Structures are given as C-alpha cells and as structure tokens.
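Engineer: Next comes upload-v8.cif, mmCIF, C-alpha atoms:
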```cif
data_query
loop_
_atom_site.group_PDB
_atom_site.id
_atom_site.type_symbol
_atom_site.label_atom_id
_atom_site.label_comp_id
_atom_site.auth_asym_id
_atom_site.auth_seq_id
_atom_site.Cartn_x
_atom_site.Cartn_y
_atom_site.Cartn_z
ATOM 1 C CA MET H 8 71.332 -14.408 -39.586
ATOM 2 C CA ALA H 9 72.156 -11.204 -37.669
ATOM 3 C CA LYS H 10 68.808 -9.801 -38.779
ATOM 4 C CA THR H 11 67.007 -12.823 -37.321
ATOM 5 C CA LYS H 12 68.745 -12.435 -33.942
ATOM 6 C CA LYS H 13 67.892 -8.733 -33.849
ATOM 7 C CA ALA H 14 64.269 -9.456 -34.780
ATOM 8 C CA LYS H 15 64.064 -12.098 -32.030
ATOM 9 C CA SER H 16 65.638 -9.690 -29.544
ATOM 10 C CA ASN H 17 63.134 -6.953 -30.459
ATOM 11 C CA GLN H 18 60.252 -9.435 -30.214
ATOM 12 C CA SER H 19 61.530 -10.601 -26.832
ATOM 13 C CA ARG H 20 61.650 -6.997 -25.577
ATOM 14 C CA LYS H 21 58.104 -6.413 -26.827
ATOM 15 C CA ASP H 22 56.966 -9.613 -25.118
ATOM 16 C CA VAL H 23 58.505 -8.490 -21.816
ATOM 17 C CA THR H 24 56.856 -5.087 -22.140
ATOM 18 C CA ASN H 25 53.486 -6.695 -22.905
ATOM 19 C CA ILE H 26 53.800 -9.064 -19.955
ATOM 20 C CA ILE H 27 54.562 -6.195 -17.584
ATOM 21 C CA ARG H 28 51.739 -4.108 -19.053
ATOM 22 C CA THR H 29 49.255 -6.990 -18.713
ATOM 23 C CA ALA H 30 50.310 -7.701 -15.123
ATOM 24 C CA LEU H 31 50.013 -4.012 -14.255
ATOM 25 C CA ARG H 32 46.523 -3.865 -15.801
ATOM 26 C CA ASN H 33 45.514 -6.976 -13.829
ATOM 27 C CA ASN H 34 46.801 -5.440 -10.582
ATOM 28 C CA ILE H 35 44.842 -2.263 -11.257
ATOM 29 C CA GLU H 36 41.657 -4.296 -11.853
ATOM 30 C CA LEU H 37 42.293 -6.251 -8.641
ATOM 31 C CA THR H 38 42.831 -2.968 -6.809
ATOM 32 C CA ASN H 39 39.415 -1.827 -8.056
ATOM 33 C CA ILE H 40 37.890 -5.071 -6.763
ATOM 34 C CA ALA H 41 39.566 -4.531 -3.373
ATOM 35 C CA ASP H 42 38.248 -0.976 -3.235
ATOM 36 C CA ASN H 43 34.734 -2.193 -4.099
ATOM 37 C CA LYS H 44 34.872 -4.789 -1.317
ATOM 38 C CA ALA H 45 36.053 -2.165 1.151
ATOM 39 C CA ASN H 46 33.298 0.160 -0.010
ATOM 40 C CA THR H 47 30.710 -2.587 0.504
ATOM 41 C CA LEU H 48 31.987 -3.284 4.027
ATOM 42 C CA LEU H 49 31.993 0.421 4.805
ATOM 43 C CA THR H 50 28.434 0.948 3.553
ATOM 44 C CA LEU H 51 26.991 -2.166 5.210
ATOM 45 C CA ASN H 52 28.556 -1.456 8.593
ATOM 46 C CA ALA H 53 27.735 2.251 8.490
ATOM 47 C CA LEU H 54 24.081 1.329 7.840
ATOM 48 C CA MET H 55 24.129 -1.157 10.704
ATOM 49 C CA VAL H 56 25.504 1.443 13.137
ATOM 50 C CA THR H 57 23.053 4.041 11.796
ATOM 51 C CA PHE H 58 20.107 1.773 12.534
ATOM 52 C CA LEU H 59 21.350 -0.030 15.657
ATOM 53 C CA LEU H 60 22.334 2.990 17.749
ATOM 54 C CA PRO H 61 19.055 4.948 17.469
ATOM 55 C CA LEU H 62 16.988 1.777 17.812
ATOM 56 C CA ALA H 63 18.887 0.664 20.902
ATOM 57 C CA THR H 64 18.860 4.082 22.557
ATOM 58 C CA ALA H 65 15.149 4.599 21.850
ATOM 59 C CA ASN H 66 14.385 1.241 23.479
ATOM 60 C CA ILE H 67 17.062 1.313 26.160
ATOM 61 C CA ASP H 68 14.700 -0.056 28.831
ATOM 62 C CA PHE H 69 13.904 -3.127 26.726
ATOM 63 C CA VAL H 70 17.586 -3.621 25.834
ATOM 64 C CA VAL H 71 18.653 -3.485 29.480
ATOM 65 C CA GLU H 72 15.708 -5.576 30.672
ATOM 66 C CA SER H 73 16.326 -8.224 28.019
ATOM 67 C CA ARG H 74 20.078 -8.116 28.686
ATOM 68 C CA LEU H 75 20.770 -7.471 25.008
ATOM 69 C CA ALA H 76 23.242 -4.657 25.711
ATOM 70 C CA ILE H 77 26.247 -6.989 25.392
ATOM 71 C CA PRO H 78 25.274 -8.444 21.987
ATOM 72 C CA LEU H 79 24.440 -4.961 20.709
ATOM 73 C CA ALA H 80 27.732 -3.593 22.005
ATOM 74 C CA ILE H 81 29.592 -6.453 20.320
ATOM 75 C CA MET H 82 27.831 -5.748 17.017
ATOM 76 C CA ILE H 83 28.380 -1.984 17.175
ATOM 77 C CA LEU H 84 32.040 -2.382 18.140
ATOM 78 C CA THR H 85 32.508 -4.910 15.328
ATOM 79 C CA SER H 86 30.923 -2.516 12.844
ATOM 80 C CA LEU H 87 33.084 0.393 13.984
ATOM 81 C CA ILE H 88 36.288 -1.669 13.707
ATOM 82 C CA THR H 89 35.247 -2.900 10.250
ATOM 83 C CA ILE H 90 34.454 0.669 9.140
ATOM 84 C CA PHE H 91 37.885 1.807 10.342
ATOM 85 C CA MET H 92 39.627 -0.984 8.412
ATOM 86 C CA ALA H 93 37.614 -0.284 5.243
ATOM 87 C CA VAL H 94 38.567 3.391 5.427
ATOM 88 C CA ILE H 95 42.257 2.434 5.736
ATOM 89 C CA VAL H 96 41.927 0.373 2.540
ATOM 90 C CA LEU H 97 40.227 3.228 0.686
ATOM 91 C CA LYS H 98 42.699 5.861 1.889
ATOM 92 C CA PRO H 99 45.174 6.806 -0.853
ATOM 93 C CA GLY H 100 48.796 5.799 -0.316
ATOM 94 C CA ASP H 101 51.636 8.209 0.403
ATOM 95 C CA PHE H 102 53.356 8.605 -2.944
ATOM 96 C CA SER H 103 56.183 10.839 -1.815
ATOM 97 C CA VAL H 104 57.793 8.044 0.209
ATOM 98 C CA ILE H 105 58.701 6.000 -2.867
ATOM 99 C CA ARG H 106 59.928 8.997 -4.867
ATOM 100 C CA ASN H 107 61.989 10.376 -1.977
ATOM 101 C CA GLU H 108 63.508 6.943 -1.358
ATOM 102 C CA LYS H 109 64.570 6.678 -5.016
ATOM 103 C CA ILE H 110 66.046 10.189 -4.974
ATOM 104 C CA GLU H 111 68.006 9.476 -1.770
ATOM 105 C CA GLN H 112 69.454 6.319 -3.359
ATOM 106 C CA GLY H 113 70.428 8.273 -6.468
ATOM 107 C CA GLN H 114 68.018 6.284 -8.626
ATOM 108 C CA ASN H 115 65.571 7.548 -11.206
ATOM 109 C CA TYR H 116 61.870 7.195 -10.500
ATOM 110 C CA SER H 117 59.122 6.333 -12.934
ATOM 111 C CA PRO H 118 57.746 9.283 -14.891
ATOM 112 C CA PHE H 119 54.675 7.178 -15.737
ATOM 113 C CA PHE H 120 53.282 6.931 -12.198
ATOM 114 C CA PHE H 121 51.258 10.003 -11.247
ATOM 115 C CA GLY H 122 52.402 9.779 -7.633
ATOM 116 C CA ASN H 123 55.946 10.530 -8.723
ATOM 117 C CA ILE H 124 55.101 13.517 -10.897
ATOM 118 C CA PHE H 125 52.022 15.255 -9.535
ATOM 119 C CA LYS H 126 54.091 17.856 -7.679
ATOM 120 C CA MET H 127 56.464 18.491 -10.589
ATOM 121 C CA ARG H 128 56.218 21.607 -12.704
ATOM 122 C CA ARG H 129 55.734 21.120 -16.434
ATOM 123 C CA ALA H 130 59.191 22.570 -17.115
ATOM 124 C CA GLU H 131 60.691 19.936 -14.840
ATOM 125 C CA TYR H 132 58.531 17.039 -16.064
ATOM 126 C CA LEU H 133 58.963 17.324 -19.840
ATOM 127 C CA PRO H 134 62.782 17.004 -19.890
ATOM 128 C CA TYR H 135 62.580 14.174 -17.348
ATOM 129 C CA MET H 136 60.027 12.326 -19.518
ATOM 130 C CA LYS H 137 62.104 12.926 -22.658
ATOM 131 C CA GLN H 138 65.167 11.453 -20.953
ATOM 132 C CA ALA H 139 63.150 8.456 -19.731
ATOM 133 C CA LEU H 140 61.799 7.702 -23.210
ATOM 134 C CA GLU H 141 65.267 7.632 -24.794
ATOM 135 C CA ASN H 142 66.194 4.212 -23.410
ATOM 136 C CA PRO H 143 63.785 1.255 -23.871
ATOM 137 C CA ASN H 144 65.491 -0.627 -21.010
ATOM 138 C CA ASP H 145 64.720 2.251 -18.648
ATOM 139 C CA ILE H 146 61.094 2.210 -19.781
ATOM 140 C CA ARG H 147 60.784 -1.491 -18.937
ATOM 141 C CA GLU H 148 62.477 -0.874 -15.594
ATOM 142 C CA TYR H 149 60.046 1.943 -14.803
ATOM 143 C CA MET H 150 57.110 -0.273 -15.770
ATOM 144 C CA ALA H 151 58.447 -3.107 -13.611
ATOM 145 C CA ASP H 152 58.935 -0.659 -10.746
ATOM 146 C CA ASP H 153 55.350 0.605 -11.118
ATOM 147 C CA LEU H 154 54.147 -3.004 -11.173
ATOM 148 C CA PHE H 155 56.100 -3.768 -8.005
ATOM 149 C CA TYR H 156 54.666 -0.857 -6.025
ATOM 150 C CA THR H 157 51.147 -1.408 -7.349
ATOM 151 C CA GLY H 158 51.432 -5.051 -6.299
ATOM 152 C CA LYS H 159 52.687 -4.119 -2.832
ATOM 153 C CA ARG H 160 49.770 -1.723 -2.284
ATOM 154 C CA LEU H 161 47.337 -4.327 -3.613
ATOM 155 C CA GLY H 162 48.749 -6.899 -1.179
ATOM 156 C CA GLU H 163 48.322 -4.472 1.722
ATOM 157 C CA LYS H 164 44.731 -3.733 0.697
ATOM 158 C CA MET H 165 43.800 -7.401 0.316
ATOM 159 C CA THR H 166 45.365 -8.290 3.680
ATOM 160 C CA ILE H 167 43.399 -5.568 5.454
ATOM 161 C CA ILE H 168 40.163 -6.505 3.655
ATOM 162 C CA ARG H 169 40.588 -10.167 4.587
ATOM 163 C CA THR H 170 41.111 -9.144 8.221
ATOM 164 C CA ALA H 171 38.100 -6.799 8.061
ATOM 165 C CA PHE H 172 35.891 -9.608 6.730
ATOM 166 C CA ASN H 173 37.173 -11.910 9.486
ATOM 167 C CA VAL H 174 36.449 -9.256 12.130
ATOM 168 C CA PHE H 175 32.962 -8.728 10.710
ATOM 169 C CA ILE H 176 32.101 -12.430 10.508
ATOM 170 C CA THR H 177 33.518 -13.142 13.975
ATOM 171 C CA GLY H 178 31.731 -10.156 15.526
ATOM 172 C CA LEU H 179 28.449 -11.041 13.840
ATOM 173 C CA ALA H 180 28.704 -14.646 15.020
ATOM 174 C CA ALA H 181 29.656 -13.560 18.567
ATOM 175 C CA SER H 182 26.732 -11.153 18.672
ATOM 176 C CA VAL H 183 24.253 -13.800 17.483
ATOM 177 C CA ILE H 184 25.640 -16.427 19.888
ATOM 178 C CA ALA H 185 25.545 -13.959 22.790
ATOM 179 C CA SER H 186 21.943 -13.060 21.909
ATOM 180 C CA LEU H 187 20.902 -16.730 21.760
ATOM 181 C CA ILE H 188 22.618 -17.510 25.073
ATOM 182 C CA ILE H 189 20.904 -14.555 26.745
ATOM 183 C CA LEU H 190 17.486 -15.411 25.276
ATOM 184 C CA PHE H 191 17.713 -19.090 26.268
ATOM 185 C CA ILE H 192 19.108 -18.457 29.772
ATOM 186 C CA LYS H 193 16.002 -16.489 30.697
#
```
If you convert what's in this file into structure tokens, what do you get?
Structural biologist:
Amino acid sequence: MAKTKKAKSNQSRKDVTNIIRTALRNNIELTNIADNKANTLLTLNALMVTFLLPLATANIDFVVESRLAIPLAIMILTSLITIFMAVIVLKPGDFSVIRNEKIEQGQNYSPFFFGNIFKMRRAEYLPYMKQALENPNDIREYMADDLFYTGKRLGEKMTIIRTAFNVFITGLAASVIASLIILFIK
C-alpha cells in the first residue's frame, strides 16, 4: 500500500513537471509567432516608407497640387509608429531585472534560464546548478518561475503587436478615406 502511494506521488510529480514543460514549450512557440508577426509588420511598413518617401518627394508638385500631402503624411506617420512598435516587440528583454530582484529578496533564481546565468563564470555556475538539481521541488519551482516570466513577456509582446496592428489598420483606413475625400471634393 505504501508503495502504491509513493508510485502515485512520483507519477503526480512527473505529471506536474510535464505540464509545466508543455506550457513552457507552448509559450516559446507563441513567442516565435509574435516575433514573426512583428517582423512582418516591420518589413511591410519599412517597404512602404522606402517607396512612399522617394515617390512623394520626386513628385512633390503633383502631391501638393492634388492635395495628397495629408493622406501621405498620415500613411508615413502610421508606418513609422508601427515600425517603432514592432522594434519594441523584437527587442530582447532585460534579464538582469528578474535575477537582481530574486537576489534582493533572498530567493534563488532559475539556473535553467539563460538570462539568469549568461554573466556567470563556469566556476560559479556549476555548483549553483548542482545545488539546484538536488531537490526535485526546486526544479519544478524554477520551471514554474521560467514559465511565469516567459508568459509575462509573451503577454507584453502580444499586447504591443495587437496595438501595432490596430495603429496600422486605423492609419491605412484614415489615409484611404482622406485620399477619397480629397479626390471627390475636387
């Protein structure tokens, strides 16, 4: 009977570890999707600015005469704001904040997350990793901690991307509407 309880307890621990590992893997895949979306926005808007600015400046007389300066300005400004937001999403996070916060609180930090260990020397890292691997409960806590911070960063990225898409769609629509109003008012 005691063997059965211990076997169930071990299985339960393995299940928890697998759940955390699966969730962490899913968050990493979603982070890749967010980065791809940001990259697409960055590329599309950079191309638009690259083509719009020279085209508009080469034909400045036509732009001014046709009163298309406002729609072009709206589109260029929209593209620049969207580029800025996409770059913020693609910019790596500041890893030292989390590690320093844990150290200040007297807590251990995960030896599995590269952001916590990339500045450590090998002589410092190996004993820390050995200590971390001695207790399975600590390992699960480190994994849960990594999952938490990965999820927080993913949430930040997705929020910024959603806003960037909204800015882009709104700016594109405003530019088209402004162009139609100008063309039909003539």
Engineer: Would you pick out the contacts of H:Phe175 at 10 Å or less, using all atoms listed in the file, so that residues sharing its chain but fewer than 5 positions from it are not included, and give the list as a list in words?
Structural biologist: Leu48, Asn52, Met82, Leu84, Thr85, Ser86, Leu87, Ile88, Thr89, Ile90, Arg169, Thr170, Ala180 and Ala181 of chain H
Engineer: Do you have the atom CA of H:Pro118-atom CA of H:Ser19 distance handy?
Structural biologist: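 Going from atom CA of H:Pro118 over to atom CA of H:Ser19, I get 23.5 Å.
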Engineer: Considering only C-alpha atoms, return as a list in words whatever protein or nucleic-acid residues lie within 12 Å of H:Asn144, sequence-local ones (same chain, fewer than 3 positions apart) excluded.
Structural biologist: Asn17, Arg20, Lys21, Val23, Thr24, Ala139, Leu140, Glu141, Arg147, Glu148, Tyr149, Met150 and Ala151 of chain H
Engineer: Once the PyMOL selection byres ((chain H and resi 103) around 12) has been evaluated on this model, what residues remain selected, and can you format them as an mmCIF file with C-alpha atoms, in the frame of the given file?
Structural biologist:
```cif
data_model
loop_
_atom_site.group_PDB
_atom_site.id
_atom_site.type_symbol
_atom_site.label_atom_id
_atom_site.label_comp_id
_atom_site.auth_asym_id
_atom_site.auth_seq_id
_atom_site.Cartn_x
_atom_site.Cartn_y
_atom_site.Cartn_z
ATOM 1 C CA PRO H 99 45.174 6.806 -0.853
ATOM 2 C CA GLY H 100 48.796 5.799 -0.316
ATOM 3 C CA ASP H 101 51.636 8.209 0.403
ATOM 4 C CA PHE H 102 53.356 8.605 -2.944
ATOM 5 C CA VAL H 104 57.793 8.044 0.209
ATOM 6 C CA ILE H 105 58.701 6.000 -2.867
ATOM 7 C CA ARG H 106 59.928 8.997 -4.867
ATOM 8 C CA ASN H 107 61.989 10.376 -1.977
ATOM 9 C CA GLU H 108 63.508 6.943 -1.358
ATOM 10 C CA LYS H 109 64.570 6.678 -5.016
ATOM 11 C CA ILE H 110 66.046 10.189 -4.974
ATOM 12 C CA GLU H 111 68.006 9.476 -1.770
ATOM 13 C CA TYR H 116 61.870 7.195 -10.500
ATOM 14 C CA PHE H 120 53.282 6.931 -12.198
ATOM 15 C CA PHE H 121 51.258 10.003 -11.247
ATOM 16 C CA GLY H 122 52.402 9.779 -7.633
ATOM 17 C CA ASN H 123 55.946 10.530 -8.723
ATOM 18 C CA ILE H 124 55.101 13.517 -10.897
ATOM 19 C CA PHE H 125 52.022 15.255 -9.535
ATOM 20 C CA LYS H 126 54.091 17.856 -7.679
ATOM 21 C CA MET H 127 56.464 18.491 -10.589
#
```
Engineer: May I ask which of the residues H:Leu154, H:Ile40, H:Ile27, H:Ile176 is the closest one to H:Leu97, counting all atoms listed in the file?
Structural biologist: H:Ile40
Engineer: Expand the PyMOL selection byres ((chain H and resi 80) around 12) into the explicit residue set it covers here, and present it as a list in words.
Structural biologist: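 For this structure, the PyMOL selection byres ((chain H and resi 80) around 12) captures Val56, Leu59, Leu60, Ala63, Thr64, Val70, Val71, Arg74, Leu75, Ala76, Ile77, Pro78, Leu79, Ile81, Met82, Ile83, Leu84, Thr85, Ser86, Leu87, Gly178, Leu179, Ala181, Ser182, Val183, Ala185 and Ser186 of chain H.
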Engineer: Quick check, in Å to one decimal: how far apart do atom CA of H:Ala45 and atom CA of H:Thr166 lie?
Structural biologist: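 Here the two named atoms are 11.4 Å from each other.
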Engineer: Taking into account all atoms listed in the file, which residue in the set H:Ala65, H:Val174, H:Met136, H:Ile35 is nearest to H:Thr157?
Structural biologist: H:Ile35
Engineer: Between atom CA of H:Phe155 and atom CA of H:Tyr132, what is the distance, to one decimal in Å?
Structural biologist: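 About the pair atom CA of H:Phe155 and atom CA of H:Tyr132: they are 22.4 Å apart.
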Engineer: Do you know which residues are at most 10 Å from H:Thr38 counting all atoms listed in the file, after dropping those on the same chain fewer than 4 positions away, and could you put them as a PyMOL selection string?
Structural biologist: chain H and resi 32-34+42-44+96+157-158+160-162+164-165
Engineer: Which of these residues is nearest to H:Phe191, using only C-alpha atoms: H:Ala53, H:Leu31, H:Ser73, H:Ala93?
Structural biologist: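 Among H:Ala53, H:Leu31, H:Ser73, H:Ala93, it is H:Ser73 that comes nearest to H:Phe191.
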Engineer: Given all atoms listed in the file as the basis, pick out the residue of H:Ile146, H:Met92, H:Ile188, H:Ala130 nearest to H:Ser117.
Structural biologist: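 Going through H:Ile146, H:Met92, H:Ile188, H:Ala130 one by one, the smallest distance to H:Ser117 is for H:Ile146.
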Engineer: Go through H:Ile167, H:Phe119, H:Phe91, H:Asp145 one by one, measure the shortest atom-to-atom distance of each to H:Leu133 using only C-alpha atoms, and give the residue with the smallest value.
Structural biologist: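 Closest residue, counting only C-alpha atoms: H:Phe119.
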Engineer: Compare H:Leu62, H:Ile95, H:Leu187, H:Ala30 by their minimum atom-to-atom distance to H:Leu49, counting only C-alpha atoms, and give me the closest one.
Structural biologist: H:Ile95
